[in-house]
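Engineer: Input file: input-v4.txt. Contents: compact mmCIF, C-alpha atoms.
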# COMPACT_ATOMS: atom_id res chain seq x y z
CA MET Q 1 73.39 167.39 175.72
CA SER Q 2 70.83 169.10 177.82
CA PHE Q 3 67.29 167.84 178.28
CA ASP Q 4 65.99 171.05 179.82
CA LYS Q 5 62.65 172.07 178.48
CA PRO Q 6 62.18 175.57 177.27
CA PRO Q 7 60.23 177.78 179.68
CA LEU Q 8 56.44 177.72 179.31
CA PRO Q 9 54.69 180.73 177.89
CA ARG Q 10 53.49 183.14 180.53
CA GLU Q 11 49.81 182.18 180.15
CA ARG Q 12 50.52 178.49 180.85
CA ARG Q 13 52.57 178.93 184.00
CA ARG Q 14 50.95 177.92 187.25
CA THR Q 15 50.14 180.86 189.38
CA THR Q 16 48.10 181.39 192.48
CA ARG Q 17 46.77 184.66 191.18
CA GLY Q 18 42.95 184.58 191.31
CA LEU Q 19 42.85 181.62 193.71
CA ARG Q 20 41.60 181.93 197.26
CA PRO Q 21 44.05 181.49 200.15
CA LEU Q 22 44.08 178.27 202.19
CA PRO Q 23 42.63 179.77 205.44
CA GLU Q 24 39.66 181.10 203.50
CA LEU Q 25 39.12 177.74 201.82
CA THR Q 26 39.31 176.04 205.23
CA ARG Q 27 36.70 178.42 206.69
CA ASP Q 28 34.44 177.77 203.72
CA LEU Q 29 34.89 174.01 204.13
CA VAL Q 30 33.91 174.17 207.79
CA ALA Q 31 30.90 176.36 206.99
CA GLN Q 32 29.78 174.01 204.23
CA LEU Q 33 30.18 170.99 206.50
CA ARG Q 34 28.08 172.71 209.15
CA ARG Q 35 25.38 173.47 206.57
CA LEU Q 36 25.52 169.90 205.29
CA VAL Q 37 25.17 168.40 208.78
CA ALA Q 38 22.38 170.83 209.68
CA GLY Q 39 20.58 169.99 206.44
CA GLU Q 40 20.93 166.26 207.02
CA LEU Q 41 19.62 166.61 210.57
CA ALA Q 42 16.67 168.69 209.35
CA LEU Q 43 15.90 166.07 206.70
CA PHE Q 44 16.15 163.28 209.29
CA LYS Q 45 13.85 165.19 211.64
CA ALA Q 46 11.29 165.79 208.89
CA GLU Q 47 11.32 162.14 207.83
CA MET Q 48 11.00 160.88 211.40
CA THR Q 49 8.15 163.33 212.09
CA ALA Q 50 6.26 162.09 209.05
CA LYS Q 51 6.87 158.46 209.96
CA ALA Q 52 5.86 159.02 213.58
CA LYS Q 53 2.66 160.74 212.46
CA ALA Q 54 1.79 157.84 210.16
CA ALA Q 55 2.63 155.34 212.89
CA GLY Q 56 0.46 157.26 215.38
CA ILE Q 57 -2.51 157.23 213.03
CA GLY Q 58 -1.98 153.51 212.39
CA ALA Q 59 -1.76 152.78 216.11
CA GLY Q 60 -4.95 154.75 216.77
CA LEU Q 61 -6.81 152.80 214.10
CA LEU Q 62 -5.52 149.52 215.55
CA VAL Q 63 -6.77 150.51 219.01
CA GLY Q 64 -10.16 151.28 217.51
CA ALA Q 65 -10.19 147.89 215.79
CA LEU Q 66 -9.25 146.19 219.08
CA VAL Q 67 -12.23 147.82 220.80
CA PHE Q 68 -14.53 146.29 218.21
CA VAL Q 69 -12.78 142.93 218.55
CA PHE Q 70 -13.30 143.10 222.33
CA PHE Q 71 -17.04 143.66 221.94
CA ALA Q 72 -17.25 140.90 219.32
CA LEU Q 73 -15.52 138.50 221.70
CA CYS Q 74 -17.92 139.51 224.49
CA ALA Q 75 -20.82 138.66 222.19
CA LEU Q 76 -19.23 135.31 221.30
CA VAL Q 77 -18.65 134.47 224.97
CA THR Q 78 -22.29 135.27 225.69
CA THR Q 79 -23.28 133.05 222.79
CA ALA Q 80 -21.13 130.21 224.18
CA VAL Q 81 -22.73 130.57 227.63
CA LEU Q 82 -26.22 130.56 226.11
CA ALA Q 83 -25.36 127.49 224.01
CA PHE Q 84 -24.14 125.61 227.09
CA THR Q 85 -27.36 126.49 228.92
CA LEU Q 86 -29.15 124.13 226.54
CA ILE Q 87 -27.39 121.17 228.14
CA LEU Q 88 -26.31 122.54 231.57
CA PRO Q 89 -27.77 124.87 234.18
CA ALA Q 90 -26.98 128.55 233.50
CA TRP Q 91 -24.56 128.97 236.41
CA LEU Q 92 -22.59 125.87 235.36
CA ALA Q 93 -22.52 126.97 231.72
CA ALA Q 94 -21.08 130.37 232.73
CA LEU Q 95 -18.52 128.64 234.98
CA VAL Q 96 -17.39 126.28 232.19
CA VAL Q 97 -16.95 129.13 229.72
CA GLY Q 98 -15.09 131.19 232.35
CA VAL Q 99 -12.70 128.34 233.13
CA ILE Q 100 -12.04 127.78 229.41
CA LEU Q 101 -11.27 131.49 229.00
CA LEU Q 102 -8.93 131.46 232.02
CA LEU Q 103 -7.09 128.44 230.60
CA LEU Q 104 -6.65 130.20 227.26
CA ALA Q 105 -5.39 133.33 229.04
CA GLY Q 106 -2.91 131.28 231.09
CA ILE Q 107 -1.52 129.55 228.01
CA ALA Q 108 -1.15 132.88 226.20
CA ALA Q 109 0.58 134.40 229.26
CA LEU Q 110 3.06 131.52 229.50
CA ILE Q 111 3.92 131.78 225.82
CA GLY Q 112 4.24 135.55 226.14
CA VAL Q 113 6.58 135.33 229.13
CA ALA Q 114 8.76 132.78 227.30
CA LYS Q 115 9.00 135.04 224.24
CA LEU Q 116 9.72 138.06 226.42
CA LYS Q 117 12.58 136.28 228.18
CA LYS Q 118 14.09 135.41 224.79
CA GLY Q 119 14.08 139.09 223.83
CA MET Q 120 15.83 140.35 226.98
CA PRO Q 121 17.98 142.40 227.24
CA PRO Q 122 16.73 144.59 224.40
CA VAL Q 123 20.19 145.32 222.97
CA PRO Q 124 21.99 143.55 220.14
CA ASP Q 125 24.09 140.60 221.26
CA ASP Q 126 27.30 141.87 219.67
CA LEU Q 127 26.88 145.56 220.56
CA LYS Q 128 29.58 145.50 223.24
CA GLN Q 129 32.10 143.98 220.82
CA GLU Q 130 31.19 146.47 218.07
CA LEU Q 131 31.57 149.43 220.42
CA SER Q 132 34.94 148.26 221.69
CA ASP Q 133 36.10 147.75 218.08
CA ASP Q 134 34.98 151.29 217.25
CA VAL Q 135 36.86 152.71 220.25
CA ARG Q 136 40.02 150.83 219.24
CA ALA Q 137 39.68 152.05 215.64
CA LEU Q 138 39.30 155.64 216.82
CA LYS Q 139 42.44 155.26 218.92
CA GLY Q 140 44.27 153.97 215.84
CA GLN Q 141 44.63 150.42 217.09
CA ARG Q 142 43.77 147.33 215.11
CA PRO Q 143 40.62 145.47 216.24
Re-express the file's structure as structure tokens.

Structural biologist:
Amino acid sequence: MSFDKPPLPRERRRTTRGLRPLPELTRDLVAQLRRLVAGELALFKAEMTAKAKAAGIGAGLLVGALVFVFFALCALVTTAVLAFTLILPAWLAALVVGVILLLLAGIAALIGVAKLKKGMPPVPDDLKQELSDDVRALKGQRP
């Protein structure tokens, strides 16, 4: 007893007629990958340009706001000096306000230095481990 199937009709047989050869498909794949990468890079560049422009406008407006804040603080310092002149001589009132401002600046500087030291170095803590894992994975080794 034979379990051989009868041959398929001619129209159902697999043929390579009408299909493109493998080298041509490979060239097309490489060309499409190049176009895809170029397109992605162009999209990334366009997005980053738009975001940088928006960030630049925002930074400019913040600088403008800081100028107004500076002048407002100058007016408030003058007001504090004038208020102290009601109970102290003018030179002593200006000295008291100046010392208070220097104390506030010193406290802000100390806090800023402490925060800055916490943020150093400006790289992720586990970056070295991640990079070495990536290198091992590229070499085919297990991390």

Engineer: I'd like the contact shell of region 75-79 of chain Q - 12 Å cut-off, all atoms listed in the file, skipping same-chain residues fewer than 2 positions apart - returned as a count of residues only.

Structural biologist: 22

Engineer: Mind giving me the straight-line distance from CA of Glu130 (chain Q) to CA of Arg142 (chain Q) in Å, one decimal?

Structural biologist: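 So the answer is 13.0 Å.
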
Engineer: Grab the CA of Leu33 (chain Q) to CA of Gln141 (chain Q) distance for me, in Å with one decimal place.

Structural biologist: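 Separation between CA of Leu33 (chain Q) and CA of Gln141 (chain Q): 27.3 Å.
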